[in-house]
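Undergrad: Let me give you the structure first, and then I'll get to my questions.
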Amino acid sequence: MREGRRPDGANYYPAFPYPSFTRIADADLRDLWAYLRSLPPSSQASQPHDLWFIFRWRLLLWPWKWLFFTSGPFQPDAKASAALNRGAYLAQALGHCGECHTPRNFLGGAKQSRFLAGGKLPDGAQASNLTPTRLKKWGDKDLVDFLTTGLTPDGDVVAETMGEVITNTTGKLTPQDLAALIAYLRSLPAFRASGRADPAVAALRARARGRPRDRRRSGAGHAGTRVVEAASVSPRHRPARLAVHGHAQRPCQSRASQARHRPAR
Ligand code: HEC
């Protein structure tokens with residue numbers, strides 16, 4: 001869990017979300033292990049791998065890890081409140097929200113500078129932007145309802161992948177932990193789904209640096225810029241087949257459930 005390595009020393013594929021699980025505190029790892037050992041044995045065989053071709057060679061995981069993996073438990077931010085640190089720990093370590101909700105580069109490495117700004121799953125499903133850019137439209141109660149029932153404020157039912165996260169993870173949080181998680185999401189920098197900071201924030205930053213806002217973003221040039229930007233979005237957001245959480249690839253995703261994934265937003 002900490003190093004992403006098997007007992008025999010070989011690297012795990014990051015379809016196992018150890019880049020997040022490495023942040024789990026020692027005490028929680030011990031408790032998890034004690035719980036797993038209390039489960040009745042199962043004779044179910046492990047499923048064969050279904051990975052992006054390049055990752056069929058485990059040796060390539062060495063450079064991948066060198067580039068994209070930093071081991072070590074979560075470090076609380078001394079300037080943030082206990083609740084915010086708790087929320088950050090839940091999102092970054094145990095809840096591993098970033099494995100799906102953070103965009104990835106073409107090698108499948110998470111773009112940590114755009115943490116939770118919205119990702120794409122191997123099946124093409126969009127994992128929404130969780131930064132205030134999108135979630136500011138949701139009240140705290142909307143988020144609590146969604147993370148416990150899977151119902152969105154406009155009465156939509158969540159698609160299967162996030163539905164599993166709700167059933168197994170967020171729906172089981174204590175009210176305090178749920179509030180901490182939500183407070184943490186609210187504290188994130190506001191990124192647009194494409195990964196750029198919210199234009200309002202960018203404008204403030206530019207003003208703080210004492211220069212006018214980038215002219216391409218205003219007036220007549222705007223539409224053209226948007227077209228160019230739109231055209232350049234998809235290659236950068238190519239889904240990295242390997243590096244997303246395994247349960248997105250499980251056969252239990254029925255056609256009907258995939259059809260429920262809403263289009264990109
Ligand atoms: C296995 C991948 C995966 C993980 C892990 C995951 N999510 Fe999601 N999440 C999704 C997908 C896919 C959607 C889009 C679902 C839909 O459109 O119905 C989603 C949607 C959401 C939404 C709805 C946002 C909106 O604007 O519609 C919220 C809120 C959310 N997730 C929060 C979280 C939090 C918090 C965590 C961590 C505790 C988390 N998710 C972990 C895949 C994931």
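Residue numbering restarts at 1 for every chain of the structure tokens, chains are lettered A, B, ... in their displayed order, and ligands are numbered from 1 as they appear.
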Produce as a CSV table (one decimal) with C-alpha atoms, in the first residue's frame the set of residues near ligand 1, where near means within 7 Å with only C-alpha atoms and all ligand atoms considered.

TA:
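For reference, part_15.csv as written:
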```csv
chain,number,residue,atom,x,y,z
A,90,LEU,CA,-10.2,11.4,3.3
A,91,ALA,CA,-10.1,12.7,-0.3
A,95,GLY,CA,-11.3,8.0,-0.7
A,96,HIS,CA,-8.7,8.3,-3.5
A,97,CYS,CA,-11.1,10.7,-5.3
A,98,GLY,CA,-8.2,12.0,-7.4
A,99,GLU,CA,-7.7,8.6,-9.1
A,100,CYS,CA,-10.8,9.4,-11.2
A,101,HIS,CA,-11.4,13.1,-10.8
A,121,LEU,CA,-12.2,7.1,-17.2
A,125,ALA,CA,-17.0,8.5,-18.7
A,126,GLN,CA,-16.3,11.9,-17.4
A,127,ALA,CA,-15.5,12.2,-13.7
A,128,SER,CA,-16.7,15.7,-12.9
A,129,ASN,CA,-14.7,18.7,-11.8
A,130,LEU,CA,-14.9,18.7,-8.0
A,134,ARG,CA,-18.5,23.4,-10.6
A,135,LEU,CA,-19.5,22.6,-7.0
A,143,LEU,CA,-23.5,17.4,-1.6
A,146,PHE,CA,-25.5,13.2,-3.4
A,147,LEU,CA,-22.6,11.5,-1.5
A,152,THR,CA,-28.1,15.0,-7.9
A,157,VAL,CA,-29.3,9.2,-10.6
A,158,VAL,CA,-25.5,8.9,-10.6
A,159,ALA,CA,-23.8,6.6,-13.0
A,161,THR,CA,-18.8,4.1,-11.2
A,162,MET,CA,-19.5,6.9,-8.8
A,165,VAL,CA,-18.0,5.0,-4.5
A,169,THR,CA,-17.3,4.8,0.7
A,170,THR,CA,-18.9,8.2,1.0
A,181,LEU,CA,-14.7,16.2,3.0
A,245,HIS,CA,-9.1,2.7,-10.7
A,247,HIS,CA,-13.5,-1.0,-10.8
A,248,ALA,CA,-14.2,1.2,-13.8
A,260,ARG,CA,-26.4,6.5,-18.1
A,261,HIS,CA,-23.0,8.3,-18.1
A,262,ARG,CA,-23.8,11.8,-19.2
```

Undergrad: Please list as a compact mmCIF listing (two decimals) with N, CA and C atoms, in the first residue's frame every residue within 9 Å of A:Pro76, counting only C-alpha atoms and excluding residues in the same chain fewer than 5 positions away.

TA:
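Saved as selection.txt:
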```txt
# COMPACT_ATOMS: atom_id res chain seq x y z
N ALA A 82 -8.30 21.50 11.68
CA ALA A 82 -8.32 20.04 11.82
C ALA A 82 -9.33 19.44 10.85
N ASN A 85 -7.96 19.41 7.30
CA ASN A 85 -6.95 18.36 7.15
C ASN A 85 -7.59 16.99 7.10
N ARG A 86 -8.63 16.80 7.90
CA ARG A 86 -9.34 15.51 7.88
C ARG A 86 -9.97 15.28 6.49
N ALA A 88 -9.03 16.61 3.66
CA ALA A 88 -7.97 16.40 2.67
C ALA A 88 -7.48 14.95 2.75
N TYR A 89 -7.32 14.45 3.96
CA TYR A 89 -6.86 13.07 4.15
C TYR A 89 -7.87 12.09 3.55
```

Undergrad: Check the DSSP output for the backbone and give back, as a PDB file with C-alpha atoms, in the first residue's frame, the residues of stretch 58-204 of chain A in strand (DSSP E or B).

TA:
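Wrote it out as states-v4.pdb, contents follow:
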```pdb
ATOM      1  CA  ARG A 104      -3.989  12.618 -16.485  1.00  0.00           C
ATOM      2  CA  ALA A 110      -2.059  12.380 -12.595  1.00  0.00           C
ATOM      3  CA  GLY A 119     -10.844  13.354 -15.220  1.00  0.00           C
ATOM      4  CA  LYS A 120     -11.785  10.844 -17.848  1.00  0.00           C
ATOM      5  CA  GLN A 126     -16.317  11.929 -17.398  1.00  0.00           C
ATOM      6  CA  ALA A 127     -15.498  12.215 -13.686  1.00  0.00           C
ATOM      7  CA  LEU A 151     -29.172  11.674  -6.300  1.00  0.00           C
ATOM      8  CA  VAL A 157     -29.290   9.243 -10.645  1.00  0.00           C
ATOM      9  CA  PHE A 191     -10.139  25.016 -11.895  1.00  0.00           C
ATOM     10  CA  ALA A 197      -7.876  28.109 -13.446  1.00  0.00           C
TER      11      ALA A 197
END
```

Undergrad: How many Å lie between atom CA of A:Thr70 and atom CA of A:Ala83, rounded to one decimal?

TA: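 Interatomic distance here is 24.5 Å.
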
Undergrad: By how many Å are atom CA of A:Leu67 and atom CA of A:Leu185 apart?

TA: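 Between these atoms lies a distance of 26.4 Å.
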
Undergrad: Per residue of stretch 27-102 of chain A within 8 Å of stretch 6-14 of chain A, note the shortest atom pair and the distance in Å to one decimal, counting only C-alpha atoms, and order the rows by chain and increasing residue number, as JSON lines.

TA:
```
{"residue": "A:Phe55", "atom": "CA", "partner": "A:Tyr13", "partner_atom": "CA", "distance": 7.5}
{"residue": "A:Arg58", "atom": "CA", "partner": "A:Asn11", "partner_atom": "CA", "distance": 6.6}
{"residue": "A:Leu59", "atom": "CA", "partner": "A:Asn11", "partner_atom": "CA", "distance": 8.0}
{"residue": "A:Leu61", "atom": "CA", "partner": "A:Asn11", "partner_atom": "CA", "distance": 6.5}
{"residue": "A:Trp62", "atom": "CA", "partner": "A:Asn11", "partner_atom": "CA", "distance": 7.5}
```

Undergrad: For atom CA of A:Ala190 and atom CA of A:Pro132, determine how far apart the two atoms are, in Å to one decimal place.

TA: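 According to the coordinates, atom CA of A:Ala190 and atom CA of A:Pro132 are separated by 5.0 Å.
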
Undergrad: Hey, what does DSSP flag as helix (DSSP H, G or I) within stretch 123-197 of chain A? Can you give it to me as a ChimeraX atom specification?

TA: /A:132-135,140-149,160-168,170-172,175-187
